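**Student:** Coordinates in protein39.pdb, PDB, C-alpha atoms, are listed below.
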```pdb
ATOM      1  CA  MET A1220      73.997 -36.480 -11.510
ATOM      2  CA  PHE A1221      75.816 -33.185 -11.982
ATOM      3  CA  ARG A1222      73.191 -31.390  -9.920
ATOM      4  CA  ASP A1223      73.704 -33.809  -7.058
ATOM      5  CA  PHE A1224      77.456 -33.306  -7.268
ATOM      6  CA  LEU A1225      77.049 -29.546  -7.126
ATOM      7  CA  LYS A1226      74.601 -29.832  -4.256
ATOM      8  CA  HIS A1227      76.896 -32.034  -2.186
ATOM      9  CA  ILE A1228      79.552 -29.345  -2.135
ATOM     10  CA  PHE A1229      77.431 -27.192   0.141
ATOM     11  CA  PRO A1230      76.486 -28.061   3.718
ATOM     12  CA  ARG A1231      72.929 -28.948   4.551
ATOM     13  CA  ILE A1232      72.229 -25.614   6.201
ATOM     14  CA  VAL A1233      73.669 -22.329   4.949
ATOM     15  CA  LEU A1234      72.879 -19.018   6.616
ATOM     16  CA  GLN A1235      71.553 -16.533   4.107
ATOM     17  CA  ARG A1236      73.834 -13.774   5.323
ATOM     18  CA  ASN A1237      76.816 -15.958   4.580
ATOM     19  CA  LEU A1238      75.931 -15.896   0.901
ATOM     20  CA  ARG A1239      76.754 -12.187   0.549
ATOM     21  CA  ILE A1240      79.379 -11.723  -2.097
ATOM     22  CA  THR A1241      81.361  -9.407   0.181
ATOM     23  CA  TYR A1242      81.713 -12.323   2.565
ATOM     24  CA  THR A1243      84.689 -13.745   0.709
ATOM     25  CA  PHE A1244      84.297 -12.232  -2.785
ATOM     26  CA  CYS A1245      84.329 -15.865  -3.856
ATOM     27  CA  LEU A1246      88.026 -15.511  -4.530
ATOM     28  CA  GLY A1247      88.881 -19.139  -3.971
ATOM     29  CA  GLY A1248      86.067 -20.278  -6.239
ATOM     30  CA  LEU A1249      87.098 -17.829  -8.929
ATOM     31  CA  ALA A1250      90.675 -19.044  -8.661
ATOM     32  CA  PHE A1251      89.569 -22.623  -9.128
ATOM     33  CA  THR A1252      87.425 -21.621 -12.098
ATOM     34  CA  SER A1253      90.385 -19.962 -13.770
ATOM     35  CA  PHE A1254      92.340 -23.145 -13.111
ATOM     36  CA  LEU A1255      89.652 -25.156 -14.900
ATOM     37  CA  LEU A1256      89.892 -22.677 -17.781
ATOM     38  CA  LEU A1257      93.620 -23.236 -17.849
ATOM     39  CA  ILE A1258      93.134 -26.977 -18.072
ATOM     40  CA  ALA A1259      90.625 -26.645 -20.908
ATOM     41  CA  SER A1260      92.701 -24.175 -22.918
ATOM     42  CA  GLY A1261      95.847 -26.144 -22.175
ATOM     43  CA  LEU A1262      94.276 -29.327 -23.493
ATOM     44  CA  LEU A1263      93.521 -27.593 -26.775
ATOM     45  CA  LEU A1264      96.982 -26.048 -26.950
ATOM     46  CA  LEU A1265      98.439 -29.554 -26.637
ATOM     47  CA  PHE A1266      97.308 -30.228 -30.203
ATOM     48  CA  TYR A1267      99.695 -27.699 -31.668
ATOM     49  CA  TYR A1268     102.618 -27.031 -29.343
ATOM     50  CA  GLN A1269     105.795 -28.990 -30.118
ATOM     51  CA  PRO A1270     108.186 -29.369 -27.167
ATOM     52  CA  ALA A1271     111.457 -29.385 -29.129
ATOM     53  CA  PRO A1272     113.772 -26.350 -29.024
ATOM     54  CA  GLU A1273     113.958 -25.865 -32.775
ATOM     55  CA  ARG A1274     110.189 -26.233 -33.246
ATOM     56  CA  ALA A1275     108.657 -24.701 -30.131
ATOM     57  CA  PHE A1276     108.555 -21.047 -31.186
ATOM     58  CA  GLN A1277     107.533 -21.973 -34.725
ATOM     59  CA  SER A1278     104.643 -24.067 -33.461
ATOM     60  CA  ILE A1279     103.326 -21.141 -31.433
ATOM     61  CA  LEU A1280     103.568 -18.842 -34.465
ATOM     62  CA  PHE A1281     101.757 -21.455 -36.527
ATOM     63  CA  LEU A1282      99.057 -21.707 -33.890
ATOM     64  CA  GLU A1283      98.571 -17.947 -33.956
ATOM     65  CA  GLU A1284      98.562 -17.575 -37.748
ATOM     66  CA  SER A1285      97.036 -20.654 -39.289
ATOM     67  CA  VAL A1286      94.678 -22.097 -36.712
ATOM     68  CA  TRP A1287      91.123 -20.922 -36.246
ATOM     69  CA  GLY A1288      90.868 -19.538 -32.717
ATOM     70  CA  GLY A1289      94.589 -20.062 -32.160
ATOM     71  CA  ARG A1290      95.479 -16.528 -31.151
ATOM     72  CA  TYR A1291      92.424 -16.317 -28.905
ATOM     73  CA  LEU A1292      93.232 -19.642 -27.264
ATOM     74  CA  ARG A1293      96.793 -18.687 -26.522
ATOM     75  CA  SER A1294      95.726 -15.340 -25.052
ATOM     76  CA  LEU A1295      93.049 -17.104 -23.032
ATOM     77  CA  HIS A1296      95.611 -19.449 -21.542
ATOM     78  CA  ARG A1297      98.027 -16.669 -20.761
ATOM     79  CA  LEU A1298      95.470 -14.312 -19.256
ATOM     80  CA  SER A1299      93.834 -17.074 -17.207
ATOM     81  CA  SER A1300      97.234 -17.842 -15.787
ATOM     82  CA  HIS A1301      97.762 -14.202 -14.775
ATOM     83  CA  LEU A1302      94.254 -14.098 -13.334
ATOM     84  CA  PHE A1303      94.808 -17.345 -11.447
ATOM     85  CA  LEU A1304      97.884 -16.019  -9.710
ATOM     86  CA  VAL A1305      96.253 -12.690  -8.829
ATOM     87  CA  LEU A1306      93.151 -14.419  -7.467
ATOM     88  CA  ILE A1307      95.183 -16.844  -5.377
ATOM     89  CA  PHE A1308      97.128 -13.989  -3.840
ATOM     90  CA  LEU A1309      93.941 -12.081  -3.074
ATOM     91  CA  HIS A1310      92.415 -15.228  -1.620
ATOM     92  CA  THR A1311      95.447 -15.761   0.633
ATOM     93  CA  LEU A1312      95.194 -12.129   1.704
ATOM     94  CA  ARG A1313      91.514 -12.571   2.545
ATOM     95  CA  VAL A1314      92.220 -15.726   4.520
ATOM     96  CA  ILE A1315      94.883 -14.002   6.552
ATOM     97  CA  LEU A1316      92.923 -10.807   7.128
ATOM     98  CA  THR A1317      89.814 -12.668   8.281
ATOM     99  CA  GLY A1318      91.700 -15.047  10.526
ATOM    100  CA  ALA A1319      90.474 -18.069   8.648
ATOM    101  CA  TYR A1320      93.724 -19.868   9.365
ATOM    102  CA  ARG A1321      93.162 -20.289  13.091
ATOM    103  CA  LYS A1322      92.129 -23.509  14.779
ATOM    104  CA  PRO A1323      90.825 -25.818  13.301
ATOM    105  CA  ARG A1324      91.918 -24.544   9.925
ATOM    106  CA  GLU A1325      95.701 -24.634  10.246
ATOM    107  CA  VAL A1326      95.992 -27.762   8.088
ATOM    108  CA  ASN A1327      94.073 -26.035   5.367
ATOM    109  CA  LEU A1328      96.389 -23.054   5.517
ATOM    110  CA  VAL A1329      99.340 -25.340   4.942
ATOM    111  CA  ILE A1330      97.558 -27.041   2.037
ATOM    112  CA  GLY A1331      96.649 -23.655   0.610
ATOM    113  CA  PHE A1332     100.177 -22.393   0.873
ATOM    114  CA  SER A1333     101.534 -25.482  -0.914
ATOM    115  CA  LEU A1334      98.959 -24.825  -3.606
ATOM    116  CA  LEU A1335     100.276 -21.287  -3.936
ATOM    117  CA  CYS A1336     103.865 -22.473  -4.351
ATOM    118  CA  ILE A1337     102.979 -25.233  -6.813
ATOM    119  CA  THR A1338     100.877 -22.825  -8.853
ATOM    120  CA  ILE A1339     103.676 -20.297  -9.074
ATOM    121  CA  PHE A1340     106.071 -23.009 -10.165
ATOM    122  CA  ASP A1341     103.529 -24.229 -12.732
ATOM    123  CA  ALA A1342     103.261 -20.730 -14.189
ATOM    124  CA  TYR A1343     107.049 -20.517 -14.240
ATOM    125  CA  THR A1344     107.510 -23.759 -16.174
ATOM    126  CA  GLY A1345     104.786 -22.742 -18.584
ATOM    127  CA  TYR A1346     106.487 -19.437 -19.218
ATOM    128  CA  LEU A1347     109.534 -21.145 -20.749
ATOM    129  CA  LEU A1348     107.595 -23.246 -23.236
ATOM    130  CA  PRO A1349     107.217 -20.799 -26.159
ATOM    131  CA  LEU A1350     111.014 -20.342 -26.022
ATOM    132  CA  ASP A1351     110.977 -16.696 -27.052
ATOM    133  CA  GLN A1352     113.542 -14.200 -25.831
ATOM    134  CA  LEU A1353     111.608 -13.253 -22.701
ATOM    135  CA  SER A1354     111.065 -16.875 -21.708
ATOM    136  CA  LEU A1355     114.593 -18.022 -22.316
ATOM    137  CA  TRP A1356     116.293 -15.307 -20.348
ATOM    138  CA  ALA A1357     113.729 -15.358 -17.563
ATOM    139  CA  THR A1358     114.446 -19.056 -17.125
ATOM    140  CA  GLN A1359     118.176 -18.528 -17.437
ATOM    141  CA  THR A1360     118.222 -15.949 -14.663
ATOM    142  CA  GLY A1361     115.790 -17.997 -12.582
ATOM    143  CA  MET A1362     117.922 -21.089 -12.783
ATOM    144  CA  GLU A1363     121.022 -19.095 -11.836
ATOM    145  CA  LEU A1364     119.149 -17.891  -8.769
ATOM    146  CA  VAL A1365     118.109 -21.450  -7.933
ATOM    147  CA  GLY A1366     121.727 -22.469  -8.184
ATOM    148  CA  THR A1367     122.659 -20.064  -5.420
ATOM    149  CA  THR A1368     120.220 -21.444  -2.842
ATOM    150  CA  PHE A1369     120.864 -24.222  -0.384
ATOM    151  CA  LEU A1370     120.802 -27.544  -2.308
ATOM    152  CA  GLY A1371     120.537 -25.357  -5.366
ATOM    153  CA  THR A1372     123.092 -27.110  -7.524
ATOM    154  CA  PRO A1373     121.515 -30.589  -7.437
ATOM    155  CA  VAL A1374     118.035 -29.082  -7.902
ATOM    156  CA  ARG A1375     119.287 -27.127 -10.864
ATOM    157  CA  GLY A1376     120.952 -30.256 -12.214
ATOM    158  CA  ILE A1377     117.619 -32.028 -12.126
ATOM    159  CA  LEU A1378     115.550 -29.205 -13.587
ATOM    160  CA  VAL A1379     117.863 -28.195 -16.428
ATOM    161  CA  PRO A1380     120.333 -31.065 -16.902
ATOM    162  CA  ASP A1381     121.643 -29.882 -20.235
ATOM    163  CA  GLY A1382     121.184 -26.133 -19.941
ATOM    164  CA  VAL A1383     118.231 -23.827 -20.354
ATOM    165  CA  GLY A1384     116.507 -24.156 -23.702
ATOM    166  CA  GLN A1385     118.102 -27.472 -24.609
ATOM    167  CA  PRO A1386     116.041 -30.544 -25.575
ATOM    168  CA  ILE A1387     115.991 -32.475 -22.310
ATOM    169  CA  SER A1388     115.414 -29.410 -20.150
ATOM    170  CA  LEU A1389     112.568 -28.186 -22.340
ATOM    171  CA  LEU A1390     110.974 -31.605 -22.217
ATOM    172  CA  ARG A1391     111.348 -31.701 -18.458
ATOM    173  CA  PHE A1392     109.705 -28.304 -18.030
ATOM    174  CA  TYR A1393     106.973 -29.481 -20.399
ATOM    175  CA  ILE A1394     106.270 -32.640 -18.374
ATOM    176  CA  LEU A1395     106.256 -30.641 -15.167
ATOM    177  CA  HIS A1396     103.929 -28.075 -16.657
ATOM    178  CA  ILE A1397     101.298 -30.324 -18.207
ATOM    179  CA  VAL A1398     101.306 -33.449 -16.037
ATOM    180  CA  LEU A1399     103.040 -33.353 -12.693
ATOM    181  CA  LEU A1400     102.150 -29.895 -11.455
ATOM    182  CA  PRO A1401      98.507 -29.817 -12.642
ATOM    183  CA  LEU A1402      97.917 -33.239 -11.084
ATOM    184  CA  SER A1403      99.384 -31.966  -7.826
ATOM    185  CA  VAL A1404      97.202 -28.869  -7.967
ATOM    186  CA  LEU A1405      94.120 -30.973  -8.636
ATOM    187  CA  SER A1406      94.748 -33.407  -5.806
ATOM    188  CA  LEU A1407      95.705 -30.710  -3.325
ATOM    189  CA  SER A1408      92.629 -28.711  -4.333
ATOM    190  CA  GLY A1409      90.489 -31.740  -3.658
ATOM    191  CA  LEU A1410      92.065 -32.023  -0.253
ATOM    192  CA  HIS A1411      91.590 -28.293   0.304
ATOM    193  CA  PHE A1412      87.856 -28.519  -0.425
ATOM    194  CA  TYR A1413      87.516 -31.614   1.715
ATOM    195  CA  ARG A1414      89.095 -29.781   4.623
ATOM    196  CA  ILE A1415      86.713 -26.857   4.144
ATOM    197  CA  ARG A1416      83.752 -29.169   4.499
ATOM    198  CA  LYS A1417      85.384 -30.982   7.375
ATOM    199  CA  ASP A1418      85.898 -27.681   9.175
ATOM    200  CA  ARG A1419      82.165 -27.059   8.703
ATOM    201  CA  GLY A1420      82.512 -24.427   6.017
ATOM    202  CA  LEU A1421      83.282 -20.744   6.207
ATOM    203  CA  LEU A1422      83.640 -18.873   9.448
ATOM    204  CA  PRO A1423      80.227 -17.816  10.700
ATOM    205  CA  TYR A1424      81.057 -14.439  12.064
ATOM    206  CA  LEU A1425      82.392 -12.474   9.105
TER     207      LEU A1425
ATOM    208  CA  MET B 963      54.838 -40.711 -15.712
ATOM    209  CA  ALA B 964      55.597 -38.873 -12.501
ATOM    210  CA  LYS B 965      58.351 -36.587 -13.744
ATOM    211  CA  THR B 966      57.006 -33.525 -15.499
ATOM    212  CA  GLY B 967      59.253 -31.293 -17.212
ATOM    213  CA  GLN B 968      61.364 -30.225 -19.927
ATOM    214  CA  SER B 969      63.750 -33.104 -20.213
ATOM    215  CA  ARG B 970      63.173 -33.453 -23.943
ATOM    216  CA  ARG B 971      63.652 -29.724 -24.504
ATOM    217  CA  ARG B 972      66.779 -29.694 -22.381
ATOM    218  CA  PHE B 973      68.119 -32.691 -24.241
ATOM    219  CA  LEU B 974      67.611 -30.986 -27.600
ATOM    220  CA  VAL B 975      69.204 -27.746 -26.401
ATOM    221  CA  ALA B 976      72.170 -29.678 -25.029
ATOM    222  CA  LEU B 977      72.437 -31.502 -28.335
ATOM    223  CA  ALA B 978      72.430 -28.210 -30.228
ATOM    224  CA  PHE B 979      75.176 -26.797 -28.032
ATOM    225  CA  LEU B 980      77.241 -29.954 -28.384
ATOM    226  CA  ALA B 981      76.866 -29.886 -32.153
ATOM    227  CA  THR B 982      78.008 -26.258 -32.381
ATOM    228  CA  GLY B 983      80.846 -27.028 -30.001
ATOM    229  CA  PHE B 984      82.040 -29.935 -32.105
ATOM    230  CA  PHE B 985      81.765 -27.876 -35.273
ATOM    231  CA  PHE B 986      84.080 -25.205 -33.881
ATOM    232  CA  LEU B 987      86.404 -27.805 -32.386
ATOM    233  CA  ALA B 988      86.744 -29.334 -35.839
ATOM    234  CA  ARG B 989      87.630 -25.934 -37.307
ATOM    235  CA  PHE B 990      90.252 -25.458 -34.597
ATOM    236  CA  LEU B 991      91.765 -28.871 -35.335
ATOM    237  CA  LYS B 992      92.193 -28.232 -39.076
ATOM    238  CA  PRO B 993      94.887 -25.615 -39.629
ATOM    239  CA  VAL B 994      95.173 -23.930 -43.006
ATOM    240  CA  ALA B 995      98.884 -23.916 -43.671
ATOM    241  CA  LYS B 996      99.991 -21.509 -46.349
ATOM    242  CA  SER B 997     101.454 -24.017 -48.807
ATOM    243  CA  LYS B 998     104.450 -23.112 -50.834
ATOM    244  CA  LYS B 999     103.691 -23.065 -54.545
ATOM    245  CA  THR B1000     106.871 -24.716 -55.842
ATOM    246  CA  LEU B1001     107.551 -28.327 -55.014
ATOM    247  CA  LEU B1002     111.146 -28.221 -56.235
ATOM    248  CA  THR B1003     113.400 -26.655 -58.861
ATOM    249  CA  VAL B1004     116.165 -28.214 -60.898
ATOM    250  CA  ALA B1005     118.588 -26.870 -63.536
ATOM    251  CA  ALA B1006     117.150 -27.676 -66.955
ATOM    252  CA  LYS B1007     120.337 -29.148 -68.322
ATOM    253  CA  GLU B1008     120.536 -31.757 -65.550
ATOM    254  CA  ILE B1009     117.471 -33.566 -66.899
ATOM    255  CA  PRO B1010     118.714 -36.267 -69.313
ATOM    256  CA  SER B1011     117.018 -36.298 -72.722
ATOM    257  CA  ASN B1012     114.694 -39.290 -73.070
ATOM    258  CA  GLY B1013     115.230 -39.848 -69.362
ATOM    259  CA  ALA B1014     114.082 -38.688 -65.972
ATOM    260  CA  LEU B1015     115.286 -37.436 -62.608
ATOM    261  CA  VAL B1016     113.597 -39.360 -59.796
ATOM    262  CA  TYR B1017     113.167 -37.553 -56.454
ATOM    263  CA  ARG B1018     112.136 -40.186 -53.906
ATOM    264  CA  GLU B1019     111.675 -37.874 -50.933
ATOM    265  CA  ALA B1020     109.724 -35.206 -52.798
ATOM    266  CA  ARG B1021     107.902 -38.074 -54.566
ATOM    267  CA  VAL B1022     108.117 -36.635 -58.061
ATOM    268  CA  ALA B1023     109.918 -37.551 -61.298
ATOM    269  CA  VAL B1024     110.975 -34.875 -63.791
ATOM    270  CA  ILE B1025     110.980 -36.308 -67.323
ATOM    271  CA  ARG B1026     112.406 -35.058 -70.622
ATOM    272  CA  LYS B1027     110.907 -36.860 -73.627
ATOM    273  CA  SER B1028     111.419 -35.642 -77.210
ATOM    274  CA  GLY B1029     112.384 -32.218 -75.927
ATOM    275  CA  LYS B1030     109.322 -31.727 -73.698
ATOM    276  CA  ILE B1031     109.711 -31.581 -69.936
ATOM    277  CA  SER B1032     106.995 -32.902 -67.638
ATOM    278  CA  ALA B1033     106.672 -33.914 -63.992
ATOM    279  CA  VAL B1034     104.741 -36.927 -62.743
ATOM    280  CA  SER B1035     103.822 -37.637 -59.123
ATOM    281  CA  LEU B1036     105.224 -40.856 -57.680
ATOM    282  CA  VAL B1037     102.397 -41.314 -55.164
ATOM    283  CA  CYS B1038     100.485 -44.467 -56.087
ATOM    284  CA  THR B1039      96.802 -43.648 -56.513
ATOM    285  CA  HIS B1040      95.818 -46.910 -54.835
ATOM    286  CA  LEU B1041      96.910 -46.421 -51.220
ATOM    287  CA  GLY B1042      99.728 -43.913 -51.399
ATOM    288  CA  CYS B1043     103.041 -45.777 -51.494
ATOM    289  CA  THR B1044     105.904 -44.298 -53.504
ATOM    290  CA  VAL B1045     106.166 -46.090 -56.873
ATOM    291  CA  SER B1046     109.542 -47.449 -57.961
ATOM    292  CA  ALA B1047     111.026 -46.365 -61.279
ATOM    293  CA  THR B1048     112.174 -48.836 -63.942
ATOM    294  CA  PRO B1049     113.218 -47.957 -67.521
ATOM    295  CA  GLU B1050     109.866 -49.084 -68.977
ATOM    296  CA  GLN B1051     107.336 -48.284 -66.277
ATOM    297  CA  LEU B1052     106.616 -47.215 -62.699
ATOM    298  CA  VAL B1053     105.769 -50.083 -60.358
ATOM    299  CA  CYS B1054     104.311 -49.804 -56.895
ATOM    300  CA  PRO B1055     106.036 -52.088 -54.360
ATOM    301  CA  CYS B1056     103.041 -52.292 -52.039
ATOM    302  CA  HIS B1057     100.322 -54.002 -54.096
ATOM    303  CA  GLY B1058     101.808 -54.274 -57.576
ATOM    304  CA  SER B1059     100.122 -51.430 -59.480
ATOM    305  CA  SER B1060     102.070 -50.401 -62.549
ATOM    306  CA  PHE B1061     101.922 -47.136 -64.506
ATOM    307  CA  ASP B1062     103.595 -45.968 -67.674
ATOM    308  CA  TRP B1063     105.842 -42.929 -67.660
ATOM    309  CA  GLN B1064     102.903 -40.673 -68.613
ATOM    310  CA  GLY B1065     101.101 -41.833 -65.475
ATOM    311  CA  ALA B1066      98.466 -44.008 -67.141
ATOM    312  CA  VAL B1067      97.567 -47.232 -65.340
ATOM    313  CA  ILE B1068      98.907 -50.408 -66.942
ATOM    314  CA  LYS B1069      97.683 -52.845 -64.336
ATOM    315  CA  GLY B1070      97.087 -53.314 -60.723
ATOM    316  CA  PRO B1071      94.641 -52.348 -57.994
ATOM    317  CA  ALA B1072      95.112 -48.647 -58.814
ATOM    318  CA  ASP B1073      92.385 -47.253 -61.064
ATOM    319  CA  ARG B1074      93.336 -43.591 -61.362
ATOM    320  CA  PRO B1075      96.378 -42.354 -63.305
ATOM    321  CA  LEU B1076      99.323 -40.729 -61.551
ATOM    322  CA  PRO B1077      98.760 -36.959 -61.398
ATOM    323  CA  LEU B1078     101.002 -34.685 -63.436
ATOM    324  CA  TYR B1079     102.409 -31.483 -61.962
ATOM    325  CA  ARG B1080     102.691 -28.271 -63.952
ATOM    326  CA  VAL B1081     106.221 -27.222 -64.828
ATOM    327  CA  GLU B1082     107.481 -23.732 -65.466
ATOM    328  CA  GLU B1083     110.755 -22.616 -66.951
ATOM    329  CA  ARG B1084     112.408 -19.854 -64.927
ATOM    330  CA  ASP B1085     115.860 -18.675 -65.981
ATOM    331  CA  GLY B1086     117.204 -22.013 -67.071
ATOM    332  CA  ARG B1087     115.699 -23.793 -64.083
ATOM    333  CA  ILE B1088     112.594 -25.952 -64.206
ATOM    334  CA  ALA B1089     110.137 -25.422 -61.363
ATOM    335  CA  VAL B1090     107.627 -28.126 -60.491
ATOM    336  CA  LEU B1091     104.471 -26.416 -59.229
ATOM    337  CA  LEU B1092     101.958 -27.730 -56.715
TER     338      LEU B1092
END
```
Now that the file is in, can you turn its structure into structure tokens?

**Tutor:**
Amino acid sequence: MFRDFLKHIFPRIVLQRNLRITYTFCLGGLAFTSFLLLIASGLLLLFYYQPAPERAFQSILFLEESVWGGRYLRSLHRLSSHLFLVLIFLHTLRVILTGAYRKPREVNLVIGFSLLCITIFDAYTGYLLPLDQLSLWATQTGMELVGTTFLGTPVRGILVPDGVGQPISLLRFYILHIVLLPLSVLSLSGLHFYRIRKDRGLLPYL
Amino acid sequence: MAKTGQSRRRFLVALAFLATGFFFLARFLKPVAKSKKTLLTVAAKEIPSNGALVYREARVAVIRKSGKISAVSLVCTHLGCTVSATPEQLVCPCHGSSFDWQGAVIKGPADRPLPLYRVEERDGRIAVLL
């Protein structure tokens, strides 16, 4: 069943020269793999992280000190997130430099760009969660910046209703980070892959 | 049987991987918290002679009887409710087990005595040790 699923992702006929790694460096695929890693490591982190301001930092310390594989898991999650962002940027660069956004792939470019924005926001909300000094002040400055944009004040009021690092705001960032944004990434990725197949795969002339 | 193959071998290998995976998952899910050694401390002179101090939240009673100080756990050995203290005995409100003040079972569904904690005298304070 899994083999059939994997097989259906590829078109019936694939030119052998299109399978060269230097064709696309498989950047998009690597990005999606790191996203799957993030989901897996995030699921395990869920068992120990506590989304309350007075317990968040302590729970991370506990995870690192007293849990088998805790330090490794946290590093894995963090590094996969860095890798994910780098790979998505490189993938966007490749798409632009090879002209893979032209007709009929404009819709996919828009989907891909939304994925980029949602991913960055996901990484941003995740950054706050350990509530250490770096996280808190990064979020504080970020939210100030948000407040200066157009419609910034209501957006800021929704994101951090009671101030950065307070209970409701932390919980809101937590919900965004583990439910809403990953679900959006997953559904948009599905759409992204569907569009690739619909546009009959990669460009044939690279 | 048209299908040749290694389906049995693959099944066993998959089983082995799953078993190892679950073993390590179980280790991940059981943290080893460094437990503190002292449950609580109390000034020695606060313990009444021929009486006891009952700590409901810490679930321990510190007793002084004929000069000797001891500490008995208030966790019922039946299913874990906190036993209630009366002058003669300790009674569990959940299923009716009763223990004497040394922890021995008088009656009830419980069949193991209440555990006793070690106590240590430190500078006029009594420490109840886990």

**Student:** Can you spell out as a PDB file with C-alpha atoms, keeping the file's coordinate frame the set of residues that the PyMOL selection byres ((chain A) within 12 of (chain B)) selects in the structure I just provided?

**Tutor:**
```
ATOM      1  CA  SER A1260      92.701 -24.175 -22.918  1.00  0.00           C
ATOM      2  CA  LEU A1262      94.276 -29.327 -23.493  1.00  0.00           C
ATOM      3  CA  LEU A1263      93.521 -27.593 -26.775  1.00  0.00           C
ATOM      4  CA  LEU A1264      96.982 -26.048 -26.950  1.00  0.00           C
ATOM      5  CA  LEU A1265      98.439 -29.554 -26.637  1.00  0.00           C
ATOM      6  CA  PHE A1266      97.308 -30.228 -30.203  1.00  0.00           C
ATOM      7  CA  TYR A1267      99.695 -27.699 -31.668  1.00  0.00           C
ATOM      8  CA  SER A1278     104.643 -24.067 -33.461  1.00  0.00           C
ATOM      9  CA  LEU A1280     103.568 -18.842 -34.465  1.00  0.00           C
ATOM     10  CA  PHE A1281     101.757 -21.455 -36.527  1.00  0.00           C
ATOM     11  CA  LEU A1282      99.057 -21.707 -33.890  1.00  0.00           C
ATOM     12  CA  GLU A1283      98.571 -17.947 -33.956  1.00  0.00           C
ATOM     13  CA  GLU A1284      98.562 -17.575 -37.748  1.00  0.00           C
ATOM     14  CA  SER A1285      97.036 -20.654 -39.289  1.00  0.00           C
ATOM     15  CA  VAL A1286      94.678 -22.097 -36.712  1.00  0.00           C
ATOM     16  CA  TRP A1287      91.123 -20.922 -36.246  1.00  0.00           C
ATOM     17  CA  GLY A1288      90.868 -19.538 -32.717  1.00  0.00           C
ATOM     18  CA  GLY A1289      94.589 -20.062 -32.160  1.00  0.00           C
ATOM     19  CA  ARG A1290      95.479 -16.528 -31.151  1.00  0.00           C
ATOM     20  CA  TYR A1291      92.424 -16.317 -28.905  1.00  0.00           C
ATOM     21  CA  LEU A1292      93.232 -19.642 -27.264  1.00  0.00           C
TER      22      LEU A1292
END
```

**Student:** What is the CA of Met1362 (chain A)-CA of Leu1302 (chain A) distance in Å, reported with one decimal?

**Tutor:**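 Going from CA of Met1362 (chain A) over to CA of Leu1302 (chain A) covers 24.7 Å.
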
**Student:** Using all atoms listed in the file, which of the listed residues (A:Phe1251, A:Tyr1393, A:Trp1356, A:Phe1276) sits closest to His1411 (chain A)?

**Tutor:**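 Ranking A:Phe1251, A:Tyr1393, A:Trp1356, A:Phe1276 by distance to His1411 (chain A), first place goes to A:Phe1251.
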
**Student:** Have a look at B:Leu1041, B:Leu1091, B:Leu974, B:Val1034 and name the one nearest to Val1022 (chain B); count only C-alpha atoms.

**Tutor:**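 Looking only at the distances to Val1022 (chain B), the closest residue turns out to be B:Val1034.
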
**Student:** Of the residues A:Ile1279, A:Ile1228, A:Leu1364, A:Leu1334, which is the one nearest to Pro1349 (chain A), using all atoms listed in the file?

**Tutor:**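 Counting all atoms listed in the file, the residue closest to Pro1349 (chain A) is A:Ile1279.
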
**Student:** Using all atoms of region 1251-1262 of chain A listed in the file and a margin of 5 Å per side, can you give the axis-aligned box centre and edge lengths in Å to one decimal, as JSON?

**Tutor:**
```
{"center_x": 91.6, "center_y": -24.6, "center_z": -16.3, "size_x": 18.4, "size_y": 19.4, "size_z": 24.4}
```

**Student:** Do you know which residues are at most 6 Å from region 1374-1390 of chain A counting only C-alpha atoms, after dropping those on the same chain fewer than 3 positions away, and could you put them as a list of chain:residue names?

**Tutor:**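 After dropping sequence-adjacent residues, the list is A:Ala1271, A:Pro1272, A:Gly1366, A:Gly1371, A:Tyr1393.
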
**Student:** Take the PyMOL selection byres ((chain B and resi 1086) around 12), run it mentally on this structure, and tell me the resulting residues as a compact mmCIF listing (two decimals) with C-alpha atoms, keeping the file's coordinate frame.

**Tutor:**
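And here is the file that came out, part-v5.txt:
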```
# COMPACT_ATOMS: atom_id res chain seq x y z
CA THR B 1003 113.40 -26.66 -58.86
CA VAL B 1004 116.16 -28.21 -60.90
CA ALA B 1005 118.59 -26.87 -63.54
CA ALA B 1006 117.15 -27.68 -66.96
CA LYS B 1007 120.34 -29.15 -68.32
CA GLU B 1008 120.54 -31.76 -65.55
CA ILE B 1009 117.47 -33.57 -66.90
CA GLU B 1082 107.48 -23.73 -65.47
CA GLU B 1083 110.76 -22.62 -66.95
CA ARG B 1084 112.41 -19.85 -64.93
CA ASP B 1085 115.86 -18.68 -65.98
CA ARG B 1087 115.70 -23.79 -64.08
CA ILE B 1088 112.59 -25.95 -64.21
CA ALA B 1089 110.14 -25.42 -61.36
```

**Student:** When you look at region 1048-1064 of chain B with a cut-off of 12 Å (counting only C-alpha atoms), what residues show up, excluding the ones that are within fewer than 2 positions of it in the same chain? I need them as an MDAnalysis selection string.

**Tutor:** chainID B and resid 1012:1016 1022:1027 1031:1046 1066:1079

**Student:** Specify as a list in words each residue included when the PyMOL selection byres ((chain A and resi 1242) around 12) is applied to this file.

**Tutor:** Leu1234, Gln1235, Arg1236, Asn1237, Leu1238, Arg1239, Ile1240, Thr1241, Thr1243, Phe1244, Cys1245, Leu1246, Gly1247, His1310, Arg1313, Val1314, Thr1317, Leu1421, Leu1422, Pro1423, Tyr1424 and Leu1425 of chain A

**Student:** To one decimal in Å, tell me the separation between CA of Val1329 (chain A) and CA of Leu1407 (chain A).

**Tutor:**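 Here the two named atoms are 10.5 Å from each other.
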
**Student:** Calculate how many Å separate CA of Ala976 (chain B) from CA of Phe1221 (chain A), rounding to one decimal.

**Tutor:**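 So the answer is 14.0 Å.
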
**Student:** Just checking: using all atoms listed in the file, which residue out of A:Leu1309, A:Leu1347, A:Ala1259, A:Ile1330 ends up closest to Ser1408 (chain A)?

**Tutor:** A:Ile1330

**Student:** Smallest atom-to-atom distance to Ile1397 (chain A): which of A:Leu1370, A:Val1365, A:Ala1342, A:Leu1249, using only C-alpha atoms?

**Tutor:**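 Among the listed residues, the smallest separation from Ile1397 (chain A) belongs to A:Ala1342.
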